[in-house]
$ cat work-v4.cif   # mmCIF, C-alpha atoms
data_model
#
loop_
_atom_site.label_atom_id
_atom_site.label_comp_id
_atom_site.auth_asym_id
_atom_site.auth_seq_id
_atom_site.Cartn_x
_atom_site.Cartn_y
_atom_site.Cartn_z
CA MET A 1 -55.30 3.92 -52.03
CA ALA A 2 -56.65 6.22 -49.29
CA ARG A 3 -54.78 9.46 -48.63
CA GLY A 4 -53.85 8.34 -45.12
CA SER A 5 -52.39 5.08 -46.44
CA ILE A 6 -50.36 6.99 -49.04
CA ARG A 7 -48.94 9.26 -46.33
CA ALA A 8 -48.09 6.25 -44.15
CA MET A 9 -46.30 4.53 -47.03
CA ARG A 10 -44.32 7.67 -47.81
CA SER A 11 -43.34 7.91 -44.14
CA VAL A 12 -42.16 4.29 -44.14
CA ARG A 13 -40.16 4.79 -47.34
CA LEU A 14 -38.50 7.92 -45.95
CA THR A 15 -37.59 6.11 -42.73
CA VAL A 16 -36.20 3.13 -44.65
CA TRP A 17 -34.10 5.42 -46.87
CA PHE A 18 -32.77 7.21 -43.79
CA GLY A 19 -32.03 3.92 -42.02
CA LYS A 20 -30.17 2.49 -45.02
CA ALA A 21 -28.06 5.66 -45.20
CA ILE A 22 -27.17 5.32 -41.51
CA ALA A 23 -26.26 1.65 -42.09
CA ARG A 24 -23.91 2.54 -44.96
CA LEU A 25 -22.18 5.23 -42.91
CA THR A 26 -21.87 2.86 -39.92
CA ARG A 27 -20.20 0.20 -42.05
CA LEU A 28 -17.85 2.73 -43.62
CA ALA A 29 -16.81 3.65 -40.06
CA GLY A 30 -16.11 -0.04 -39.32
CA GLY A 31 -19.32 -0.84 -37.39
CA HIS A 32 -21.83 -3.67 -37.86
CA ALA A 33 -25.00 -1.58 -38.39
CA SER A 34 -26.99 -4.07 -36.31
CA ALA A 35 -28.57 -1.50 -33.97
CA LEU A 36 -27.86 2.14 -34.91
CA PRO A 37 -30.09 2.26 -38.04
CA GLY A 38 -32.98 0.93 -35.96
CA LEU A 39 -32.38 3.46 -33.20
CA ALA A 40 -32.35 6.28 -35.75
CA ALA A 41 -35.54 4.97 -37.40
CA GLU A 42 -37.31 4.82 -34.04
CA ARG A 43 -36.41 8.43 -33.39
CA LEU A 44 -37.64 9.51 -36.83
CA ASP A 45 -40.90 7.51 -36.70
CA PRO A 46 -41.90 6.02 -33.30
CA ASP A 47 -44.62 3.93 -35.02
CA PHE A 48 -42.30 2.48 -37.66
CA LEU A 49 -42.14 -0.98 -36.07
CA PRO A 50 -45.92 -1.69 -35.97
CA LYS A 51 -46.29 -0.25 -39.47
CA ILE A 52 -43.87 -2.74 -41.00
CA MET A 53 -45.00 -5.70 -38.90
CA ARG A 54 -48.58 -5.14 -40.11
CA GLN A 55 -47.34 -5.90 -43.62
CA LEU A 56 -46.80 -9.57 -42.72
CA PRO A 57 -49.87 -11.74 -43.55
CA LEU A 58 -49.04 -14.41 -40.93
CA GLY A 59 -47.96 -11.97 -38.25
CA VAL A 60 -45.09 -12.24 -35.79
CA ALA A 61 -43.76 -15.09 -33.65
CA VAL A 62 -41.57 -14.14 -30.70
CA VAL A 63 -38.88 -16.33 -29.10
CA SER A 64 -37.64 -15.32 -25.65
CA GLY A 65 -36.16 -16.71 -22.45
CA THR A 66 -32.80 -16.79 -20.72
CA ASN A 67 -30.90 -19.42 -22.74
CA GLY A 68 -31.19 -20.69 -26.30
CA LYS A 69 -32.96 -17.79 -28.04
CA THR A 70 -30.57 -17.37 -30.97
CA THR A 71 -30.21 -21.04 -31.85
CA THR A 72 -33.91 -21.83 -31.38
CA THR A 73 -34.96 -18.88 -33.52
CA LYS A 74 -32.60 -20.04 -36.26
CA ILE A 75 -34.08 -23.55 -36.15
CA VAL A 76 -37.67 -22.25 -36.34
CA VAL A 77 -36.77 -20.07 -39.33
CA GLU A 78 -35.20 -23.01 -41.18
CA LEU A 79 -38.20 -25.26 -40.46
CA LEU A 80 -40.63 -22.65 -41.81
CA ARG A 81 -38.51 -21.98 -44.88
CA ALA A 82 -38.39 -25.72 -45.57
CA ALA A 83 -42.20 -25.61 -45.55
CA GLY A 84 -42.17 -22.88 -48.20
CA LEU A 85 -42.68 -19.72 -46.14
CA LYS A 86 -40.77 -16.46 -46.67
CA VAL A 87 -39.50 -15.59 -43.20
CA PHE A 88 -38.12 -12.36 -41.79
CA THR A 89 -35.85 -12.66 -38.75
CA ASN A 90 -33.09 -10.80 -36.90
CA PRO A 91 -30.14 -13.07 -37.73
CA SER A 92 -27.38 -10.93 -36.21
CA GLY A 93 -28.55 -11.80 -32.71
CA SER A 94 -29.27 -8.11 -32.03
CA ASN A 95 -32.35 -8.90 -29.97
CA PHE A 96 -33.46 -5.44 -28.83
CA THR A 97 -36.24 -3.59 -30.68
CA ARG A 98 -33.72 -1.44 -32.54
CA GLY A 99 -31.98 -4.61 -33.78
CA VAL A 100 -35.25 -5.91 -35.24
CA ILE A 101 -35.83 -2.61 -37.02
CA SER A 102 -32.25 -2.56 -38.35
CA ALA A 103 -32.69 -6.05 -39.78
CA ALA A 104 -36.00 -5.07 -41.38
CA ILE A 105 -34.54 -1.94 -42.98
CA GLU A 106 -31.75 -4.05 -44.44
CA GLN A 107 -34.29 -6.29 -46.22
CA MET A 108 -36.96 -3.77 -47.21
CA LYS A 109 -37.42 -2.59 -50.81
CA LYS A 110 -39.64 0.32 -51.78
CA GLY A 111 -41.01 0.44 -48.25
CA ARG A 112 -42.13 -3.19 -48.28
CA LEU A 113 -41.02 -6.22 -46.27
CA ASP A 114 -41.68 -9.06 -48.71
CA CYS A 115 -42.20 -11.90 -46.24
CA ASP A 116 -45.02 -14.09 -44.93
CA ILE A 117 -44.10 -14.09 -41.25
CA ALA A 118 -41.54 -12.73 -38.79
CA VAL A 119 -39.79 -15.00 -36.28
CA LEU A 120 -37.91 -12.80 -33.83
CA GLU A 121 -35.47 -13.47 -31.03
CA LEU A 122 -36.11 -10.89 -28.31
CA ASP A 123 -34.26 -10.07 -25.11
CA GLU A 124 -36.59 -10.76 -22.19
CA ALA A 125 -36.71 -7.15 -20.95
CA HIS A 126 -36.90 -5.53 -24.39
CA ALA A 127 -39.55 -7.99 -25.54
CA VAL A 128 -41.97 -6.20 -23.22
CA ARG A 129 -41.44 -3.00 -25.20
CA PHE A 130 -41.92 -4.89 -28.46
CA VAL A 131 -45.20 -6.59 -27.50
CA ASP A 132 -46.60 -3.27 -26.30
CA LYS A 133 -46.28 -2.08 -29.91
CA VAL A 134 -46.89 -5.36 -31.76
CA ALA A 135 -49.10 -8.17 -30.40
CA PRO A 136 -47.44 -11.48 -31.39
CA THR A 137 -49.36 -14.11 -33.33
CA ALA A 138 -47.50 -16.78 -31.34
CA ALA A 139 -44.73 -16.96 -28.77
CA LEU A 140 -42.13 -19.47 -27.58
CA LEU A 141 -40.90 -19.04 -24.00
CA LEU A 142 -37.83 -21.15 -23.31
CA ASN A 143 -36.71 -20.85 -19.68
CA VAL A 144 -36.07 -18.60 -16.69
CA LEU A 145 -32.56 -18.88 -15.26
CA ARG A 146 -30.22 -16.68 -13.25
CA ASP A 147 -28.54 -14.38 -15.75
CA GLN A 148 -27.01 -10.90 -15.51
CA LEU A 149 -28.35 -10.06 -12.07
CA ASP A 150 -27.22 -6.45 -12.55
CA ARG A 151 -29.63 -6.14 -15.51
CA PHE A 152 -32.51 -8.50 -14.78
CA GLY A 153 -32.43 -8.89 -11.01
CA GLU A 154 -33.67 -12.19 -9.64
CA ILE A 155 -35.51 -14.79 -11.70
CA ASP A 156 -38.94 -13.57 -10.57
CA THR A 157 -38.35 -10.40 -12.60
CA THR A 158 -37.53 -12.39 -15.72
CA ALA A 159 -40.64 -14.53 -15.19
CA ARG A 160 -42.76 -11.35 -15.08
CA TYR A 161 -41.25 -10.23 -18.39
CA LEU A 162 -42.18 -13.54 -20.00
CA GLY A 163 -45.63 -13.34 -18.44
CA ALA A 164 -46.16 -9.98 -20.16
CA ILE A 165 -45.23 -11.57 -23.51
CA ALA A 166 -47.69 -14.42 -22.92
CA ALA A 167 -50.47 -11.99 -21.98
CA ARG A 168 -50.07 -9.97 -25.19
CA THR A 169 -49.86 -12.98 -27.51
CA VAL A 170 -53.10 -13.46 -29.44
CA GLY A 171 -52.47 -17.08 -30.46
CA PRO A 172 -50.64 -20.13 -29.06
CA VAL A 173 -47.88 -19.73 -26.48
CA VAL A 174 -45.36 -22.59 -26.47
CA LEU A 175 -44.03 -23.23 -22.96
CA ASN A 176 -41.17 -25.26 -21.48
CA ARG A 177 -42.92 -27.95 -19.47
CA GLU A 178 -39.76 -28.64 -17.44
CA ASP A 179 -39.35 -25.09 -16.11
CA PRO A 180 -41.94 -24.44 -13.37
CA LEU A 181 -41.72 -20.66 -13.77
CA VAL A 182 -42.47 -20.94 -17.48
CA ALA A 183 -44.96 -23.82 -17.40
CA SER A 184 -47.12 -22.00 -14.84
CA LEU A 185 -47.51 -18.78 -16.88
CA PRO A 186 -51.21 -18.06 -17.55
CA THR A 187 -51.98 -18.23 -21.28
CA ARG A 188 -55.09 -18.56 -23.42
CA GLN A 189 -53.64 -21.25 -25.72
CA PRO A 190 -50.80 -23.10 -23.93
CA VAL A 191 -48.72 -25.66 -25.84
CA TYR A 192 -45.83 -27.50 -24.21
CA PHE A 193 -42.47 -28.98 -25.15
CA GLY A 194 -40.40 -31.11 -22.81
CA TYR A 195 -37.94 -33.95 -22.28
CA SER A 196 -38.32 -37.53 -21.09
CA ASP A 197 -37.18 -38.91 -17.75
CA LYS A 198 -34.42 -40.74 -19.63
CA VAL A 199 -32.52 -37.51 -20.44
CA ALA A 200 -33.54 -35.37 -17.43
CA ALA A 201 -30.13 -35.66 -15.76
CA LEU A 202 -28.54 -33.79 -18.70
CA PHE A 203 -30.40 -30.61 -17.76
CA PRO A 204 -29.37 -29.39 -14.28
CA SER A 205 -31.57 -26.62 -12.93
CA ASP A 206 -30.69 -23.50 -10.98
CA ALA A 207 -32.46 -25.05 -8.00
CA GLU A 208 -29.66 -27.58 -7.65
CA LEU A 209 -26.81 -26.30 -5.51
CA TYR A 210 -23.20 -26.60 -6.61
CA GLY A 211 -21.73 -29.98 -5.70
CA ARG A 212 -25.03 -31.86 -5.49
CA PRO A 213 -25.70 -34.85 -7.80
CA ALA A 214 -27.48 -34.16 -11.06
CA LEU A 215 -31.25 -34.41 -11.10
CA ALA A 216 -32.29 -38.04 -10.93
CA ALA A 217 -34.97 -39.26 -13.29
CA ALA A 218 -37.03 -40.40 -10.31
CA ALA A 219 -37.17 -36.80 -9.08
CA VAL A 220 -38.94 -35.56 -12.22
CA PRO A 221 -42.59 -34.74 -11.43
CA THR A 222 -45.08 -37.24 -12.87
CA ASP A 223 -47.97 -34.77 -13.15
CA ARG A 224 -46.47 -32.69 -15.95
CA PRO A 225 -48.83 -31.61 -18.74
CA VAL A 226 -48.76 -33.51 -22.01
CA ALA A 227 -46.20 -31.98 -24.39
CA ALA A 228 -46.67 -31.60 -28.14
CA VAL A 229 -42.98 -32.33 -28.69
CA VAL A 230 -40.78 -34.38 -26.35
CA LEU A 231 -37.02 -34.94 -26.52
CA GLU A 232 -36.91 -38.65 -25.71
CA ASP A 233 -33.26 -39.60 -26.19
CA LEU A 234 -30.06 -38.33 -27.78
CA GLY A 235 -26.56 -39.36 -28.70
CA PRO A 236 -23.63 -38.11 -30.79
CA GLY A 237 -25.11 -36.46 -33.88
CA TRP A 238 -28.74 -37.51 -33.34
CA ALA A 239 -31.81 -36.84 -31.24
CA ALA A 240 -35.02 -38.84 -30.86
CA PHE A 241 -38.30 -36.98 -30.43
CA ASN A 242 -41.84 -38.28 -30.10
CA LEU A 243 -42.19 -37.17 -33.75
CA GLY A 244 -39.26 -39.27 -34.96
CA THR A 245 -35.45 -39.27 -34.98
CA ALA A 246 -33.28 -36.61 -36.61
CA ARG A 247 -29.60 -36.19 -37.36
CA LEU A 248 -28.21 -33.07 -35.71
CA SER A 249 -25.36 -30.83 -36.76
CA LEU A 250 -25.98 -28.81 -33.60
CA PRO A 251 -23.79 -30.02 -30.71
CA GLY A 252 -24.87 -30.49 -27.11
CA ALA A 253 -27.91 -31.59 -25.13
CA HIS A 254 -29.15 -28.01 -24.86
CA ASN A 255 -29.41 -27.74 -28.66
CA ALA A 256 -31.38 -30.97 -28.88
CA PHE A 257 -33.83 -29.45 -26.39
CA ASN A 258 -33.84 -26.19 -28.38
CA ALA A 259 -34.80 -28.30 -31.39
CA ALA A 260 -37.77 -29.75 -29.48
CA ALA A 261 -38.92 -26.21 -28.68
CA ALA A 262 -38.54 -25.15 -32.31
CA LEU A 263 -40.50 -28.14 -33.57
CA ALA A 264 -43.32 -27.31 -31.16
CA LEU A 265 -43.54 -23.70 -32.37
CA ALA A 266 -43.28 -24.66 -36.04
CA GLY A 267 -46.19 -27.04 -35.54
CA GLN A 268 -48.32 -24.16 -34.28
CA LEU A 269 -47.27 -21.80 -37.07
CA LEU A 270 -48.10 -24.36 -39.79
CA PRO A 271 -51.58 -25.56 -38.84
CA GLY A 272 -52.61 -28.25 -41.27
CA ARG A 273 -49.28 -27.93 -43.12
CA PHE A 274 -46.78 -29.23 -40.58
CA GLU A 275 -45.11 -32.44 -41.76
CA ALA A 276 -42.96 -34.11 -39.12
CA ASP A 277 -40.76 -36.00 -41.59
CA GLN A 278 -40.02 -32.82 -43.55
CA ALA A 279 -39.28 -30.90 -40.36
CA LEU A 280 -36.88 -33.58 -39.08
CA ARG A 281 -35.02 -33.58 -42.41
CA ALA A 282 -34.75 -29.79 -42.27
CA LEU A 283 -33.50 -29.99 -38.69
CA ALA A 284 -30.55 -32.11 -39.80
CA ALA A 285 -29.30 -29.28 -42.04
CA VAL A 286 -29.28 -26.52 -39.38
CA GLU A 287 -25.74 -25.40 -38.54
CA PRO A 288 -24.68 -23.81 -35.21
CA ALA A 289 -25.64 -20.17 -34.80
CA PHE A 290 -23.22 -17.25 -34.56
CA GLY A 291 -20.54 -18.16 -31.98
CA ARG A 292 -22.58 -20.98 -30.44
CA GLY A 293 -20.66 -24.12 -31.26
CA GLU A 294 -19.22 -22.81 -34.52
CA LEU A 295 -16.19 -24.68 -35.85
CA PHE A 296 -13.13 -23.01 -37.35
CA THR A 297 -10.24 -24.83 -39.04
CA VAL A 298 -6.96 -23.14 -38.14
CA ASP A 299 -3.67 -24.71 -39.30
CA GLY A 300 -5.46 -27.96 -40.01
CA ALA A 301 -7.02 -28.34 -36.55
CA LEU A 302 -10.63 -27.73 -35.50
CA THR A 303 -11.42 -25.01 -32.96
CA GLU A 304 -14.91 -24.95 -31.44
CA LEU A 305 -16.22 -21.62 -30.10
CA LEU A 306 -18.80 -21.97 -27.32
CA LEU A 307 -20.80 -19.10 -25.84
CA VAL A 308 -21.26 -19.35 -22.04
CA LYS A 309 -23.10 -16.59 -20.22
CA ASN A 310 -24.61 -17.94 -17.00
CA PRO A 311 -24.18 -20.89 -14.61
CA SER A 312 -26.90 -23.08 -16.10
CA GLY A 313 -25.67 -22.64 -19.65
CA PHE A 314 -22.02 -23.22 -18.73
CA ARG A 315 -22.88 -26.39 -16.78
CA VAL A 316 -24.97 -27.89 -19.59
CA VAL A 317 -22.31 -27.10 -22.22
CA LEU A 318 -19.55 -28.62 -20.08
CA GLY A 319 -21.68 -31.65 -19.29
CA SER A 320 -22.53 -32.51 -22.90
CA GLN A 321 -19.76 -30.97 -25.03
CA ALA A 322 -16.48 -30.87 -23.09
CA SER A 323 -13.83 -33.03 -24.76
CA ARG A 324 -10.95 -34.43 -22.71
CA GLU A 325 -8.86 -34.57 -25.90
CA ALA A 326 -9.27 -30.87 -26.68
CA ALA A 327 -7.03 -28.04 -25.52
CA VAL A 328 -9.18 -25.55 -23.59
CA MET A 329 -9.27 -21.76 -23.42
CA ILE A 330 -11.73 -19.77 -21.30
CA ALA A 331 -12.33 -16.06 -21.94
CA VAL A 332 -14.49 -13.95 -19.60
CA ASN A 333 -15.36 -10.26 -19.97
CA ASP A 334 -17.63 -8.13 -17.80
CA ALA A 335 -19.03 -5.56 -20.23
CA TYR A 336 -22.71 -4.57 -20.07
CA ALA A 337 -23.66 -7.26 -22.60
CA ASP A 338 -21.89 -9.92 -20.49
CA GLY A 339 -23.26 -8.77 -17.15
CA ARG A 340 -20.95 -6.95 -14.76
CA ASP A 341 -21.39 -9.43 -11.90
CA MET A 342 -19.20 -12.50 -12.51
CA SER A 343 -19.83 -14.18 -9.16
CA TRP A 344 -21.87 -16.81 -11.01
CA LEU A 345 -18.62 -18.49 -12.09
CA TRP A 346 -18.45 -19.99 -8.60
CA ASP A 347 -21.70 -21.90 -9.27
CA VAL A 348 -20.18 -23.85 -12.17
CA ASP A 349 -18.50 -27.23 -11.62
CA PHE A 350 -15.38 -27.33 -13.84
CA SER A 351 -14.20 -30.79 -12.72
CA VAL A 352 -14.82 -32.25 -16.20
CA LEU A 353 -11.83 -30.21 -17.44
CA PRO A 354 -8.48 -31.94 -16.75
CA ALA A 355 -6.61 -28.68 -17.42
CA VAL A 356 -7.03 -25.26 -19.03
CA ALA A 357 -4.30 -24.12 -21.41
CA GLN A 358 -5.26 -20.44 -21.52
CA VAL A 359 -7.44 -18.03 -19.55
CA SER A 360 -8.18 -14.58 -20.93
CA GLY A 361 -10.51 -11.59 -20.87
CA VAL A 362 -11.10 -8.68 -18.50
CA ARG A 363 -11.89 -11.14 -15.71
CA ALA A 364 -9.07 -13.57 -16.55
CA TYR A 365 -7.65 -13.60 -13.03
CA ASP A 366 -11.10 -14.17 -11.49
CA MET A 367 -11.51 -17.16 -13.78
CA ALA A 368 -8.02 -18.46 -13.00
CA LEU A 369 -8.73 -18.19 -9.26
CA ARG A 370 -11.99 -20.10 -9.69
CA LEU A 371 -10.18 -22.93 -11.50
CA ASP A 372 -7.34 -22.97 -8.96
CA CYS A 373 -9.81 -23.39 -6.12
CA GLN A 374 -11.06 -26.53 -7.85
CA GLN A 375 -7.46 -27.66 -8.36
CA ILE A 376 -7.65 -27.47 -12.15
CA PRO A 377 -4.25 -26.58 -13.64
CA VAL A 378 -4.08 -23.33 -15.60
CA GLU A 379 -1.11 -23.04 -17.91
CA ALA A 380 -1.31 -19.33 -18.82
CA VAL A 381 -3.26 -16.19 -17.93
CA GLU A 382 -3.34 -13.29 -20.41
CA PRO A 383 -6.11 -10.67 -20.16
CA ASP A 384 -5.58 -9.43 -23.73
CA LEU A 385 -7.79 -11.58 -25.97
CA GLY A 386 -5.70 -11.21 -29.11
CA ALA A 387 -2.41 -12.07 -27.42
CA ALA A 388 -4.03 -14.95 -25.52
CA LEU A 389 -5.57 -16.46 -28.65
CA ARG A 390 -2.31 -16.25 -30.59
CA ASP A 391 -0.47 -17.97 -27.74
CA PHE A 392 -3.19 -20.62 -27.40
CA LEU A 393 -3.13 -21.49 -31.10
CA ALA A 394 0.67 -21.49 -31.25
CA LYS A 395 1.22 -23.85 -28.33
CA THR A 396 -1.45 -26.40 -29.35
CA PRO A 397 -0.63 -27.13 -33.03
CA GLY A 398 -2.62 -29.95 -34.60
CA GLN A 399 -4.71 -30.45 -31.45
CA PRO A 400 -8.51 -29.99 -31.38
CA LYS A 401 -9.48 -26.97 -29.33
CA GLN A 402 -12.47 -25.62 -27.41
CA ILE A 403 -12.88 -21.99 -26.42
CA TYR A 404 -15.54 -21.11 -23.83
CA ALA A 405 -16.28 -17.39 -23.97
CA SER A 406 -18.66 -14.83 -22.52
CA TYR A 407 -20.64 -12.76 -25.04
CA THR A 408 -18.31 -9.86 -25.83
CA ALA A 409 -15.26 -12.11 -25.59
CA MET A 410 -16.94 -14.47 -28.05
CA LEU A 411 -17.50 -11.65 -30.54
CA ALA A 412 -13.84 -10.60 -30.43
CA ILE A 413 -12.48 -14.15 -30.58
CA ARG A 414 -14.84 -15.11 -33.39
CA ARG A 415 -13.54 -12.26 -35.52
CA LEU A 416 -9.92 -13.30 -34.84
CA LEU A 417 -10.64 -16.99 -35.47
CA LYS A 418 -12.32 -16.17 -38.76
CA GLN A 419 -9.27 -14.18 -39.82
CA ALA A 420 -6.95 -17.01 -38.80
CA ALA A 421 -9.07 -19.60 -40.60
CA GLU A 422 -9.10 -17.50 -43.77
CA GLY A 423 -5.41 -16.65 -43.48
CA THR A 424 -6.08 -12.89 -43.39
CA PRO A 425 -4.22 -10.47 -41.08
#
$ encode --input "work-v4.cif" --output "structure tokens"
Amino acid sequence: MARGSIRAMRSVRLTVWFGKAIARLTRLAGGHASALPGLAAERLDPDFLPKIMRQLPLGVAVVSGTNGKTTTTKIVVELLRAAGLKVFTNPSGSNFTRGVISAAIEQMKKGRLDCDIAVLELDEAHAVRFVDKVAPTAALLLNVLRDQLDRFGEIDTTARYLGAIAARTVGPVVLNREDPLVASLPTRQPVYFGYSDKVAALFPSDAELYGRPALAAAAVPTDRPVAAVVLEDLGPGWAAFNLGTARLSLPGAHNAFNAAAALALAGQLLPGRFEADQALRALAAVEPAFGRGELFTVDGALTELLLVKNPSGFRVVLGSQASREAAVMIAVNDAYADGRDMSWLWDVDFSVLPAVAQVSGVRAYDMALRLDCQQIPVEAVEPDLGAALRDFLAKTPGQPKQIYASYTAMLAIRRLLKQAAEGTP
């Protein structure tokens, strides 16, 4: 081995050792170690990320866009593993560069990342930093929707971020045919996924104003490019694609569309090896990602936890997953990770909810006002998440429940639900 290569390997091993030590200390202090080890490693060796990504023989696939990154990344990973690949990913949902490095440090042994390929969920803005250091082998760009205006600004800014990812990708770029801002991105090897006219009304766009009818099938453009994977139809527990029909454990129309995106990317990452039947079987086994439709059994009743973080996502989840039999809690925070501007709540139509049993979070009273203006009864308002959840569970015994929560509220409620489900204090 050349002297320079030996020095580089020693540098990587030292950085990994340091990162693992930081992770242990973080956990001892009660933290999750999903970002701090990566931040420390970046400071110690600014070139650490490209060094470890170069170890992967099949390179790096990046998944980005406003909605669906975590679930779609999880599906792609499971499809590739079903095909026999060893896949590195960032499963905690920490989708900044430091989160990727933290996840890598956790898995590395003797300075090596023993995997064939990386499939990484990346925040739209931070993905630009990543691709400046590591040119992706392939990319999947999901959508551009209004989200956290205080961080991203208007949708044109997000589109530019995704355009930078596409420009740096050396291989195929999988694009959402139904999103004009994504479908029009210039790429060397464009591949498309989409949905049929039959299901178009299930996917309202940001261009539709509050109170207007859902998009009619007749309004879908007829000159769309041909898509490699098309979501053709769906129903409870199943989705039909142009590749075949699959059972789905993932709830909601949005997750069926995420599955179409994942199938399209997997097809590009397995040239000559992609088997549709095998992929559809693997798809049936994928469970909901962290806090995104997860089910918890508390006192014999199911509680579904649903992440909602922008108007488009909230509308699609309500339209395809709201249950009139379930007791409902909504929890809204306004921390940095949620977005500080909560005015987007006024763009969501909540009429599908007959009543809301509990409203909580830092912006509980904003949420209660929004519901009151739509004449939806709210039984209780309690900003403290712990107190609100205890009250919600206590007053709805034996009843199925749904909790819609912004990101940081979801994290807190998920921890409490897990404790309640396991019977731990």
$ closest_residue --input "work-v4.cif" --among "A:Leu416, A:Ala261, A:Val62, A:Val308" --to "Ala387 of chain A" --atoms "all atoms listed in the file"
A:Leu416
$ resolve_selection --input "work-v4.cif" --expression "the PyMOL selection byres ((chain A and resi 282) around 12)" --output "ChimeraX atom specification"
/A:74-84,245-249,259,262-263,266,275-281,283-287
$ residues_around --input "work-v4.cif" --residues "Ala183 of chain A" --least-positions-apart "2" --cutoff "12 Å" --atoms "only C-alpha atoms" --output "PDB file with C-alpha atoms, keeping the file's coordinate frame"
ATOM      1  CA  LEU A 140     -42.130 -19.470 -27.580  1.00  0.00           C
ATOM      2  CA  LEU A 141     -40.900 -19.040 -24.000  1.00  0.00           C
ATOM      3  CA  LEU A 142     -37.830 -21.150 -23.310  1.00  0.00           C
ATOM      4  CA  ASN A 143     -36.710 -20.850 -19.680  1.00  0.00           C
ATOM      5  CA  VAL A 144     -36.070 -18.600 -16.690  1.00  0.00           C
ATOM      6  CA  ALA A 159     -40.640 -14.530 -15.190  1.00  0.00           C
ATOM      7  CA  LEU A 162     -42.180 -13.540 -20.000  1.00  0.00           C
ATOM      8  CA  GLY A 163     -45.630 -13.340 -18.440  1.00  0.00           C
ATOM      9  CA  ALA A 166     -47.690 -14.420 -22.920  1.00  0.00           C
ATOM     10  CA  VAL A 173     -47.880 -19.730 -26.480  1.00  0.00           C
ATOM     11  CA  VAL A 174     -45.360 -22.590 -26.470  1.00  0.00           C
ATOM     12  CA  LEU A 175     -44.030 -23.230 -22.960  1.00  0.00           C
ATOM     13  CA  ASN A 176     -41.170 -25.260 -21.480  1.00  0.00           C
ATOM     14  CA  ARG A 177     -42.920 -27.950 -19.470  1.00  0.00           C
ATOM     15  CA  GLU A 178     -39.760 -28.640 -17.440  1.00  0.00           C
ATOM     16  CA  ASP A 179     -39.350 -25.090 -16.110  1.00  0.00           C
ATOM     17  CA  PRO A 180     -41.940 -24.440 -13.370  1.00  0.00           C
ATOM     18  CA  LEU A 181     -41.720 -20.660 -13.770  1.00  0.00           C
ATOM     19  CA  LEU A 185     -47.510 -18.780 -16.880  1.00  0.00           C
ATOM     20  CA  PRO A 186     -51.210 -18.060 -17.550  1.00  0.00           C
ATOM     21  CA  THR A 187     -51.980 -18.230 -21.280  1.00  0.00           C
ATOM     22  CA  PRO A 190     -50.800 -23.100 -23.930  1.00  0.00           C
ATOM     23  CA  VAL A 191     -48.720 -25.660 -25.840  1.00  0.00           C
ATOM     24  CA  TYR A 192     -45.830 -27.500 -24.210  1.00  0.00           C
ATOM     25  CA  PHE A 193     -42.470 -28.980 -25.150  1.00  0.00           C
ATOM     26  CA  GLY A 194     -40.400 -31.110 -22.810  1.00  0.00           C
ATOM     27  CA  ARG A 224     -46.470 -32.690 -15.950  1.00  0.00           C
ATOM     28  CA  PRO A 225     -48.830 -31.610 -18.740  1.00  0.00           C
ATOM     29  CA  VAL A 226     -48.760 -33.510 -22.010  1.00  0.00           C
ATOM     30  CA  ALA A 227     -46.200 -31.980 -24.390  1.00  0.00           C
TER      31      ALA A 227
END
$ residues_around --input "work-v4.cif" --residues "Ala420 of chain A" --least-positions-apart "4" --cutoff "10 Å" --atoms "only C-alpha atoms" --output "number ranges by chain"
A: 296-299, 390, 393, 414-416, 424-425
$ resolve_selection --input "work-v4.cif" --expression "the PyMOL selection byres ((chain A and resi 241) around 8)" --output "ChimeraX atom specification"
/A:229-233,239-240,242-246,260
$ closest_residue --input "work-v4.cif" --among "A:Gln321, A:Ser312, A:Asn255, A:Gln375" --to "Trp344 of chain A" --atoms "only C-alpha atoms"
A:Ser312
$ atom_distance --input "work-v4.cif" --atom1 "atom CA of Tyr161 of chain A" --atom2 "atom CA of Leu56 of chain A"
25.0 Å
$ atom_distance --input "work-v4.cif" --atom1 "atom CA of Val359 of chain A" --atom2 "atom CA of Lys418 of chain A"
19.9 Å
$ residues_around --input "work-v4.cif" --residues "Ala405 of chain A" --least-positions-apart "3" --cutoff "9 Å" --atoms "only C-alpha atoms" --output "PyMOL selection string"
chain A and resi 305-309+329-333+361+408-411+413
$ atom_distance --input "work-v4.cif" --atom1 "atom CA of Lys401 of chain A" --atom2 "atom CA of Ala326 of chain A"
4.7 Å
$ closest_residue --input "work-v4.cif" --among "A:Thr73, A:Thr15, A:Thr169, A:Gln107" --to "Lys133 of chain A" --atoms "all atoms listed in the file"
A:Thr169
